[in-house]
>>> print(open('my_file.cif').read())   # mmCIF, C-alpha atoms
data_start
#
loop_
_atom_site.group_PDB
_atom_site.id
_atom_site.type_symbol
_atom_site.label_atom_id
_atom_site.label_comp_id
_atom_site.auth_asym_id
_atom_site.auth_seq_id
_atom_site.Cartn_x
_atom_site.Cartn_y
_atom_site.Cartn_z
ATOM 1 C CA PHE A 827 0.000 0.000 0.000
ATOM 2 C CA PHE A 828 2.612 2.546 1.107
ATOM 3 C CA SER A 829 5.285 1.893 -1.517
ATOM 4 C CA PRO A 830 7.842 4.635 -2.315
ATOM 5 C CA CYS A 831 6.422 4.832 -5.850
ATOM 6 C CA SER A 832 2.905 5.510 -4.549
ATOM 7 C CA LEU A 833 4.081 8.213 -2.145
ATOM 8 C CA SER A 834 6.239 9.806 -4.841
ATOM 9 C CA SER A 835 3.299 9.822 -7.247
ATOM 10 C CA LEU A 836 1.096 11.569 -4.664
ATOM 11 C CA THR A 837 3.746 14.220 -4.057
ATOM 12 C CA MET A 838 4.102 14.876 -7.783
ATOM 13 C CA GLN A 839 0.325 15.076 -8.170
ATOM 14 C CA LEU A 840 0.079 17.638 -5.360
ATOM 15 C CA THR A 841 2.902 19.707 -6.843
ATOM 16 C CA ASP A 842 1.382 19.668 -10.344
ATOM 17 C CA LEU A 843 -2.086 20.676 -9.106
ATOM 18 C CA THR A 844 -0.649 23.486 -6.976
ATOM 19 C CA MET A 845 1.314 24.905 -9.913
ATOM 20 C CA GLU A 846 -1.711 24.717 -12.224
ATOM 21 C CA VAL A 847 -3.908 26.606 -9.747
ATOM 22 C CA LEU A 848 -1.192 29.202 -9.098
ATOM 23 C CA ASN A 849 -0.910 29.685 -12.872
ATOM 24 C CA GLY A 850 -4.597 30.574 -13.061
ATOM 25 C CA ASP A 851 -6.240 27.229 -13.857
ATOM 26 C CA PHE A 852 -8.901 27.456 -11.150
ATOM 27 C CA SER A 853 -10.791 24.498 -12.616
ATOM 28 C CA LYS A 854 -8.287 22.355 -10.723
ATOM 29 C CA ALA A 855 -9.016 24.076 -7.396
ATOM 30 C CA ALA A 856 -11.524 21.431 -6.272
ATOM 31 C CA ALA A 857 -9.062 18.655 -7.064
ATOM 32 C CA LEU A 858 -6.322 20.470 -5.127
ATOM 33 C CA ILE A 859 -8.587 21.024 -2.098
ATOM 34 C CA SER A 860 -9.630 17.371 -2.248
ATOM 35 C CA LEU A 861 -6.023 16.188 -2.306
ATOM 36 C CA LEU A 862 -5.061 18.473 0.584
ATOM 37 C CA LEU A 863 -8.049 17.188 2.572
ATOM 38 C CA SER A 864 -6.971 13.631 1.797
ATOM 39 C CA TYR A 865 -3.481 14.338 3.150
ATOM 40 C CA ALA A 866 -5.028 15.863 6.290
ATOM 41 C CA ILE A 867 -7.332 12.850 6.781
ATOM 42 C CA VAL A 868 -4.478 10.370 6.448
ATOM 43 C CA ALA A 869 -2.305 12.409 8.828
ATOM 44 C CA GLY A 870 -5.131 12.667 11.353
ATOM 45 C CA SER A 871 -5.857 8.944 11.115
ATOM 46 C CA PHE A 872 -2.542 8.168 12.833
ATOM 47 C CA THR A 873 -4.008 9.543 16.079
ATOM 48 C CA LEU A 874 -7.661 8.558 15.572
ATOM 49 C CA LYS A 875 -7.745 5.739 18.121
ATOM 50 C CA LEU A 876 -5.031 7.144 20.399
ATOM 51 C CA PRO A 877 -7.424 9.141 22.665
ATOM 52 C CA GLN A 878 -9.496 6.005 23.277
ATOM 53 C CA ILE A 879 -6.412 3.900 24.028
ATOM 54 C CA LEU A 880 -5.061 6.510 26.461
ATOM 55 C CA LYS A 881 -8.421 6.939 28.187
ATOM 56 C CA ILE A 882 -8.770 3.183 28.741
ATOM 57 C CA MET A 883 -5.242 2.885 30.116
ATOM 58 C CA LYS A 884 -5.653 5.951 32.356
ATOM 59 C CA SER A 885 -8.947 4.750 33.828
ATOM 60 C CA GLY A 886 -7.844 1.125 34.044
ATOM 61 C CA SER A 887 -11.178 0.106 32.559
ATOM 62 C CA ALA A 888 -12.761 -0.674 29.179
ATOM 63 C CA ARG A 889 -16.308 -0.100 30.505
ATOM 64 C CA GLY A 890 -18.763 0.866 27.784
ATOM 65 C CA ILE A 891 -16.487 -0.238 24.922
ATOM 66 C CA SER A 892 -17.936 -2.896 22.640
ATOM 67 C CA LEU A 893 -15.344 -5.500 21.634
ATOM 68 C CA SER A 894 -17.634 -6.836 18.894
ATOM 69 C CA MET A 895 -17.881 -3.286 17.477
ATOM 70 C CA LEU A 896 -14.100 -3.085 17.184
ATOM 71 C CA GLN A 897 -13.904 -6.523 15.566
ATOM 72 C CA MET A 898 -16.527 -5.586 12.978
ATOM 73 C CA GLU A 899 -14.622 -2.363 12.300
ATOM 74 C CA LEU A 900 -11.461 -4.402 11.644
ATOM 75 C CA PHE A 901 -13.188 -6.376 8.909
ATOM 76 C CA GLY A 902 -14.834 -3.262 7.503
ATOM 77 C CA TYR A 903 -11.617 -1.251 7.214
ATOM 78 C CA ALA A 904 -9.889 -4.217 5.570
ATOM 79 C CA ILE A 905 -12.650 -4.587 2.967
ATOM 80 C CA SER A 906 -12.584 -0.834 2.242
ATOM 81 C CA ALA A 907 -8.813 -0.734 1.802
ATOM 82 C CA LEU A 908 -8.685 -3.835 -0.410
ATOM 83 C CA TYR A 909 -11.619 -2.668 -2.564
ATOM 84 C CA ASN A 910 -10.044 0.743 -3.202
ATOM 85 C CA PHE A 911 -6.671 -0.910 -3.854
ATOM 86 C CA GLY A 912 -8.192 -3.315 -6.361
ATOM 87 C CA GLN A 913 -10.119 -0.529 -8.111
ATOM 88 C CA GLY A 914 -6.854 1.340 -8.647
ATOM 89 C CA TYR A 915 -7.983 4.464 -6.788
ATOM 90 C CA ASP A 916 -5.324 6.929 -5.623
ATOM 91 C CA LEU A 917 -3.721 5.986 -2.323
ATOM 92 C CA SER A 918 -4.690 9.401 -0.945
ATOM 93 C CA THR A 919 -8.391 8.450 -1.117
ATOM 94 C CA TYR A 920 -8.209 5.470 1.220
ATOM 95 C CA ALA A 921 -4.840 5.233 3.025
ATOM 96 C CA GLU A 922 -6.437 6.033 6.387
ATOM 97 C CA ASN A 923 -8.263 2.692 6.243
ATOM 98 C CA VAL A 924 -4.930 0.873 6.454
ATOM 99 C CA VAL A 925 -3.682 3.082 9.297
ATOM 100 C CA ILE A 926 -6.898 2.751 11.334
ATOM 101 C CA LEU A 927 -7.007 -1.005 10.745
ATOM 102 C CA PHE A 928 -3.741 -1.501 12.646
ATOM 103 C CA GLN A 929 -4.817 0.905 15.394
ATOM 104 C CA ASN A 930 -8.052 -1.045 15.750
ATOM 105 C CA LEU A 931 -6.052 -4.243 16.154
ATOM 106 C CA ALA A 932 -4.181 -2.676 19.076
ATOM 107 C CA LEU A 933 -7.479 -1.479 20.562
ATOM 108 C CA VAL A 934 -9.039 -4.951 20.244
ATOM 109 C CA VAL A 935 -6.130 -6.442 22.194
ATOM 110 C CA ILE A 936 -6.288 -3.722 24.882
ATOM 111 C CA VAL A 937 -10.066 -3.903 25.329
ATOM 112 C CA ALA A 938 -10.053 -7.713 25.360
ATOM 113 C CA SER A 939 -7.303 -7.629 27.961
ATOM 114 C CA TYR A 940 -9.124 -5.210 30.292
ATOM 115 C CA GLN A 941 -12.383 -7.112 29.840
ATOM 116 C CA LYS A 942 -10.530 -10.413 30.439
ATOM 117 C CA ARG A 943 -11.715 -11.808 27.113
ATOM 118 C CA ILE A 944 -8.414 -12.813 25.510
ATOM 119 C CA ASP A 945 -8.651 -16.487 24.608
ATOM 120 C CA LEU A 946 -7.498 -18.917 21.935
ATOM 121 C CA THR A 947 -10.514 -18.153 19.743
ATOM 122 C CA LEU A 948 -9.681 -14.442 19.651
ATOM 123 C CA ILE A 949 -5.997 -15.066 18.919
ATOM 124 C CA VAL A 950 -6.634 -17.598 16.144
ATOM 125 C CA GLY A 951 -9.382 -15.438 14.661
ATOM 126 C CA MET A 952 -7.143 -12.351 14.489
ATOM 127 C CA ALA A 953 -4.270 -14.402 13.015
ATOM 128 C CA LEU A 954 -6.487 -15.833 10.267
ATOM 129 C CA PHE A 955 -7.960 -12.406 9.592
ATOM 130 C CA PHE A 956 -4.566 -10.785 8.968
ATOM 131 C CA LEU A 957 -3.354 -13.764 6.958
ATOM 132 C CA TRP A 958 -6.353 -13.241 4.662
ATOM 133 C CA VAL A 959 -5.662 -9.491 4.406
ATOM 134 C CA ILE A 960 -1.973 -9.991 3.552
ATOM 135 C CA LEU A 961 -2.574 -12.731 0.980
ATOM 136 C CA THR A 962 -5.403 -10.785 -0.656
ATOM 137 C CA ALA A 963 -3.327 -7.583 -0.871
ATOM 138 C CA VAL A 964 -0.321 -9.404 -2.330
ATOM 139 C CA GLU A 965 -2.455 -11.112 -4.964
ATOM 140 C CA ALA A 966 -4.464 -7.901 -5.606
ATOM 141 C CA HIS A 967 -7.553 -10.086 -5.004
ATOM 142 C CA PRO A 968 -7.744 -11.829 -8.427
ATOM 143 C CA VAL A 969 -9.620 -14.720 -6.811
ATOM 144 C CA LEU A 970 -12.829 -12.712 -6.628
ATOM 145 C CA PRO A 971 -14.494 -10.774 -9.477
ATOM 146 C CA SER A 972 -14.804 -7.000 -9.079
ATOM 147 C CA ALA A 973 -18.597 -7.290 -8.777
ATOM 148 C CA THR A 974 -18.172 -9.495 -5.702
ATOM 149 C CA TRP A 975 -15.821 -6.981 -4.116
ATOM 150 C CA ALA A 976 -18.280 -4.202 -4.867
ATOM 151 C CA LEU A 977 -21.000 -6.250 -3.138
ATOM 152 C CA MET A 978 -18.748 -6.862 -0.123
ATOM 153 C CA THR A 979 -17.965 -3.134 0.030
ATOM 154 C CA PHE A 980 -21.683 -2.347 -0.107
ATOM 155 C CA GLY A 981 -22.037 -4.825 2.747
ATOM 156 C CA ASN A 982 -19.669 -2.599 4.700
ATOM 157 C CA ILE A 983 -22.508 -0.080 5.089
ATOM 158 C CA PRO A 984 -24.643 -2.309 7.361
ATOM 159 C CA LEU A 985 -21.458 -3.737 8.895
ATOM 160 C CA PHE A 986 -20.295 -0.326 10.116
ATOM 161 C CA ALA A 987 -23.877 0.499 11.093
ATOM 162 C CA PHE A 988 -24.151 -2.669 13.200
ATOM 163 C CA SER A 989 -20.788 -1.833 14.782
ATOM 164 C CA ARG A 990 -22.179 1.512 15.988
ATOM 165 C CA ILE A 991 -25.908 0.929 16.599
ATOM 166 C CA PRO A 992 -25.512 -1.448 19.608
ATOM 167 C CA GLN A 993 -23.301 1.123 21.345
ATOM 168 C CA ILE A 994 -25.714 3.942 20.470
ATOM 169 C CA MET A 995 -28.700 1.970 21.818
ATOM 170 C CA THR A 996 -26.801 1.007 24.990
ATOM 171 C CA ASN A 997 -25.812 4.639 25.561
ATOM 172 C CA PHE A 998 -29.438 5.765 25.214
ATOM 173 C CA LYS A 999 -30.636 2.981 27.525
ATOM 174 C CA THR A 1000 -28.059 3.469 30.295
ATOM 175 C CA LYS A 1001 -27.533 7.209 29.721
ATOM 176 C CA ASP A 1002 -23.852 6.408 30.202
ATOM 177 C CA VAL A 1003 -21.014 6.422 27.627
ATOM 178 C CA GLY A 1004 -18.500 4.694 29.897
ATOM 179 C CA VAL A 1005 -14.910 5.533 28.955
ATOM 180 C CA THR A 1006 -15.746 6.375 25.344
ATOM 181 C CA ALA A 1007 -13.341 9.075 24.073
ATOM 182 C CA VAL A 1008 -15.347 11.772 22.292
ATOM 183 C CA SER A 1009 -12.265 13.246 20.591
ATOM 184 C CA GLY A 1010 -11.785 10.073 18.562
ATOM 185 C CA PHE A 1011 -15.356 10.201 17.295
ATOM 186 C CA ILE A 1012 -15.005 13.911 16.469
ATOM 187 C CA LEU A 1013 -11.939 13.097 14.355
ATOM 188 C CA ALA A 1014 -13.815 10.232 12.692
ATOM 189 C CA TRP A 1015 -16.853 12.432 11.991
ATOM 190 C CA GLY A 1016 -14.661 15.180 10.523
ATOM 191 C CA GLY A 1017 -12.945 12.584 8.360
ATOM 192 C CA ASN A 1018 -16.314 11.280 7.145
ATOM 193 C CA ILE A 1019 -17.438 14.785 6.125
ATOM 194 C CA ALA A 1020 -14.146 15.463 4.336
ATOM 195 C CA ARG A 1021 -14.273 12.069 2.606
ATOM 196 C CA ILE A 1022 -17.748 12.834 1.237
ATOM 197 C CA PHE A 1023 -16.180 15.783 -0.589
ATOM 198 C CA THR A 1024 -13.057 13.910 -1.749
ATOM 199 C CA THR A 1025 -15.138 10.959 -2.967
ATOM 200 C CA LEU A 1026 -17.360 13.238 -5.059
ATOM 201 C CA VAL A 1027 -14.333 14.989 -6.550
ATOM 202 C CA GLU A 1028 -11.880 12.113 -7.053
ATOM 203 C CA VAL A 1029 -13.651 8.758 -7.420
ATOM 204 C CA ASN A 1030 -17.437 9.417 -7.499
ATOM 205 C CA ASP A 1031 -18.151 5.865 -6.307
ATOM 206 C CA PRO A 1032 -21.756 5.698 -4.951
ATOM 207 C CA VAL A 1033 -21.016 2.683 -2.738
ATOM 208 C CA ILE A 1034 -18.139 4.428 -0.967
ATOM 209 C CA LEU A 1035 -20.096 7.712 -0.801
ATOM 210 C CA ALA A 1036 -23.088 6.049 0.880
ATOM 211 C CA GLY A 1037 -20.797 4.486 3.467
ATOM 212 C CA PHE A 1038 -19.240 7.819 4.431
ATOM 213 C CA CYS A 1039 -22.662 9.508 4.680
ATOM 214 C CA ILE A 1040 -24.061 6.845 7.011
ATOM 215 C CA ASN A 1041 -20.884 6.754 9.120
ATOM 216 C CA ALA A 1042 -21.063 10.538 9.516
ATOM 217 C CA VAL A 1043 -24.603 10.237 10.929
ATOM 218 C CA LEU A 1044 -23.669 7.393 13.303
ATOM 219 C CA ASN A 1045 -20.452 9.001 14.542
ATOM 220 C CA GLY A 1046 -22.308 12.292 14.972
ATOM 221 C CA THR A 1047 -24.928 10.528 17.108
ATOM 222 C CA ILE A 1048 -22.261 9.127 19.454
ATOM 223 C CA ILE A 1049 -20.651 12.582 19.715
ATOM 224 C CA VAL A 1050 -23.985 14.053 20.814
ATOM 225 C CA GLN A 1051 -24.378 11.231 23.363
ATOM 226 C CA CYS A 1052 -20.888 11.883 24.763
ATOM 227 C CA PHE A 1053 -21.816 15.513 25.425
ATOM 228 C CA MET A 1054 -25.246 14.547 26.804
ATOM 229 C CA TYR A 1055 -24.066 11.800 29.170
ATOM 230 C CA GLY A 1056 -20.372 12.597 29.637
ATOM 231 C CA ASP A 1057 -20.718 14.262 33.057
ATOM 232 C CA ARG A 1058 -22.738 11.319 34.370
ATOM 233 C CA SER A 1059 -20.081 8.842 33.171
ATOM 234 C CA GLU A 1060 -17.312 10.822 34.898
ATOM 235 C CA LYS A 1061 -19.247 10.813 38.186
ATOM 236 C CA LYS A 1062 -19.675 7.031 37.958
ATOM 237 C CA ALA A 1063 -15.946 6.608 37.324
ATOM 238 C CA GLN A 1064 -15.220 8.609 40.476
#
>>> encode(input="my_file.cif", output="C-alpha cells")
Amino acid sequence: FFSPCSLSSLTMQLTDLTMEVLNGDFSKAAALISLLLSYAIVAGSFTLKLPQILKIMKSGSARGISLSMLQMELFGYAISALYNFGQGYDLSTYAENVVILFQNLALVVIVASYQKRIDLTLIVGMALFFLWVILTAVEAHPVLPSATWALMTFGNIPLFAFSRIPQIMTNFKTKDVGVTAVSGFILAWGGNIARIFTTLVEVNDPVILAGFCINAVLNGTIIVQCFMYGDRSEKKAQ
C-alpha cells in the first residue's frame, strides 16, 4: 500500500495541481482542495484511536467499549482498503483505512485484555484475519471478481452500522457512555465529512459515498451522546 512509488506519485500530483492553480487554472481548485483534505485525513488517522487507548489505560477500565464493534470495524476497514486498492484508486483516497485497521487491532487487544476476554478463539481469529488481508493484498484479489468486491464493500454499510448501533442503543438505555473518548469520534466524523467531498471529486463511487454519509450520521450521534451523558459517566468513574 505505502510503496515509495505511490508516495512519490502523490507528491508529484500535489505539486502539479498546486502549480496549475497558481498559474490561473482554477478548474483544478476542487481537485487540489480534495487532495489536501486527503493528506489531512491520512495524517489525522494516525491519532484517531489514540485518545481512546489513552483513556482506557488511564482509567484502568474498558467499561462501555464494545469489543464486537471493534472486531466488525477491523473487517470493515480491511474490505474498504482492499476494494479501493483493487479498483486502482489513488492511495490518498483510502490510506487512512490501512492506518486505522492496525490501530483497531491494538485497541481490540487492549479492550479484550481489560475485559478479560483474551482467549485462543480471539488469537486464532485475528491471526487468520490478517493472513487473509496480507494474501489478498499481495495477490491484488484476483480470486474474486470486481462485482463481488463491490457487493462486499456495499455490505460494509450495514457492517459499520451494526458496529455503531448497539453502542448507540446502549448509551441511550443506560444514559452512560463509559470511557468512550469523544475526541476520537469527532476526528472520525470530521474525516467522514471530508471524505464525502473527496469521494465526489476524485472517485465518485456511490457505494463508498453512501458508506461515508451513514458513518457521519452514526459518529455524529455518538458525539452528541458523549456531550449529553459525559458528566454522568465521569461521576460514575469517580
>>> closest_residue(input="my_file.cif", among="A:Thr1024, A:Thr1000, A:Thr844, A:Gln839", to="Thr919 in chain A", atoms="only C-alpha atoms")
A:Thr1024
>>> closest_residue(input="my_file.cif", among="A:Leu977, A:Ser864, A:Gly1010, A:Met1054", to="Thr1025 in chain A", atoms="all atoms listed in the file")
A:Ser864
>>> residues_around(input="my_file.cif", residues="Thr996 in chain A", least_positions_apart="3", cutoff="12 Å", atoms="only C-alpha atoms", output="PDB file with C-alpha atoms, in the coordinates of the input")
ATOM      1  CA  ARG A 889     -16.308  -0.100  30.505  1.00  0.00           C
ATOM      2  CA  GLY A 890     -18.763   0.866  27.784  1.00  0.00           C
ATOM      3  CA  ILE A 891     -16.487  -0.238  24.922  1.00  0.00           C
ATOM      4  CA  SER A 892     -17.936  -2.896  22.640  1.00  0.00           C
ATOM      5  CA  ARG A 990     -22.179   1.512  15.988  1.00  0.00           C
ATOM      6  CA  ILE A 991     -25.908   0.929  16.599  1.00  0.00           C
ATOM      7  CA  PRO A 992     -25.512  -1.448  19.608  1.00  0.00           C
ATOM      8  CA  GLN A 993     -23.301   1.123  21.345  1.00  0.00           C
ATOM      9  CA  LYS A 999     -30.636   2.981  27.525  1.00  0.00           C
ATOM     10  CA  THR A1000     -28.059   3.469  30.295  1.00  0.00           C
ATOM     11  CA  LYS A1001     -27.533   7.209  29.721  1.00  0.00           C
ATOM     12  CA  ASP A1002     -23.852   6.408  30.202  1.00  0.00           C
ATOM     13  CA  VAL A1003     -21.014   6.422  27.627  1.00  0.00           C
ATOM     14  CA  GLY A1004     -18.500   4.694  29.897  1.00  0.00           C
ATOM     15  CA  ILE A1048     -22.261   9.127  19.454  1.00  0.00           C
ATOM     16  CA  GLN A1051     -24.378  11.231  23.363  1.00  0.00           C
ATOM     17  CA  TYR A1055     -24.066  11.800  29.170  1.00  0.00           C
TER      18      TYR A1055
END
>>> atom_distance(input="my_file.cif", atom1="CA of Ser1009 in chain A", atom2="CA of Phe872 in chain A")
13.4 Å
>>> closest_residue(input="my_file.cif", among="A:Leu927, A:Leu893, A:Cys1039, A:Ala921", to="Ile944 in chain A", atoms="only C-alpha atoms")
A:Leu893
>>> residues_near_point(input="my_file.cif", point="(-9.9, 18.1, 1.3)", cutoff="10 Å", atoms="all atoms listed in the file", output="PyMOL selection string")
chain A and resi 856-867+1017+1019-1025+1027
>>> closest_residue(input="my_file.cif", among="A:Val1008, A:Trp958, A:Met978, A:Gly1016", to="Asn910 in chain A", atoms="all atoms listed in the file")
A:Met978
>>> residues_around(input="my_file.cif", residues="Val924 in chain A", least_positions_apart="3", cutoff="9 Å", atoms="only C-alpha atoms", output="PDB file with C-alpha atoms, in the frame of the given file")
ATOM      1  CA  PHE A 827       0.000   0.000   0.000  1.00  0.00           C
ATOM      2  CA  TYR A 903     -11.617  -1.251   7.214  1.00  0.00           C
ATOM      3  CA  ALA A 904      -9.889  -4.217   5.570  1.00  0.00           C
ATOM      4  CA  SER A 906     -12.584  -0.834   2.242  1.00  0.00           C
ATOM      5  CA  ALA A 907      -8.813  -0.734   1.802  1.00  0.00           C
ATOM      6  CA  TYR A 920      -8.209   5.470   1.220  1.00  0.00           C
ATOM      7  CA  ALA A 921      -4.840   5.233   3.025  1.00  0.00           C
ATOM      8  CA  LEU A 927      -7.007  -1.005  10.745  1.00  0.00           C
ATOM      9  CA  PHE A 928      -3.741  -1.501  12.646  1.00  0.00           C
ATOM     10  CA  GLN A 929      -4.817   0.905  15.394  1.00  0.00           C
TER      11      GLN A 929
END
>>> atom_distance(input="my_file.cif", atom1="CA of Ser989 in chain A", atom2="CA of Lys881 in chain A")
20.2 Å
>>> residues_around(input="my_file.cif", residues="range 1031-1034 of chain A", least_positions_apart="3", cutoff="8 Å", atoms="only C-alpha atoms", output="VMD selection string")
chain A and resid 976 979 to 980 1025 to 1026 1037 to 1038
>>> residues_around(input="my_file.cif", residues="Met883 in chain A", least_positions_apart="5", cutoff="10 Å", atoms="only C-alpha atoms", output="NGL selection string")
:A and (877-878 or 888 or 936-937 or 940)
>>> closest_residue(input="my_file.cif", among="A:Ser871, A:Thr1006, A:Asn923, A:Asn982", to="Asn1041 in chain A", atoms="all atoms listed in the file")
A:Asn982
>>> closest_residue(input="my_file.cif", among="A:Leu957, A:Met895, A:Val1005, A:Val935", to="Phe988 in chain A", atoms="only C-alpha atoms")
A:Met895
>>> residues_near_point(input="my_file.cif", point="(-5.9, -4.2, 14.2)", cutoff="9 Å", atoms="all atoms listed in the file", output="list of chain:residue names")
A:Leu896, A:Gln897, A:Leu900, A:Ile926, A:Leu927, A:Phe928, A:Gln929, A:Asn930, A:Leu931, A:Ala932, A:Leu933, A:Val934, A:Val935, A:Met952, A:Phe956
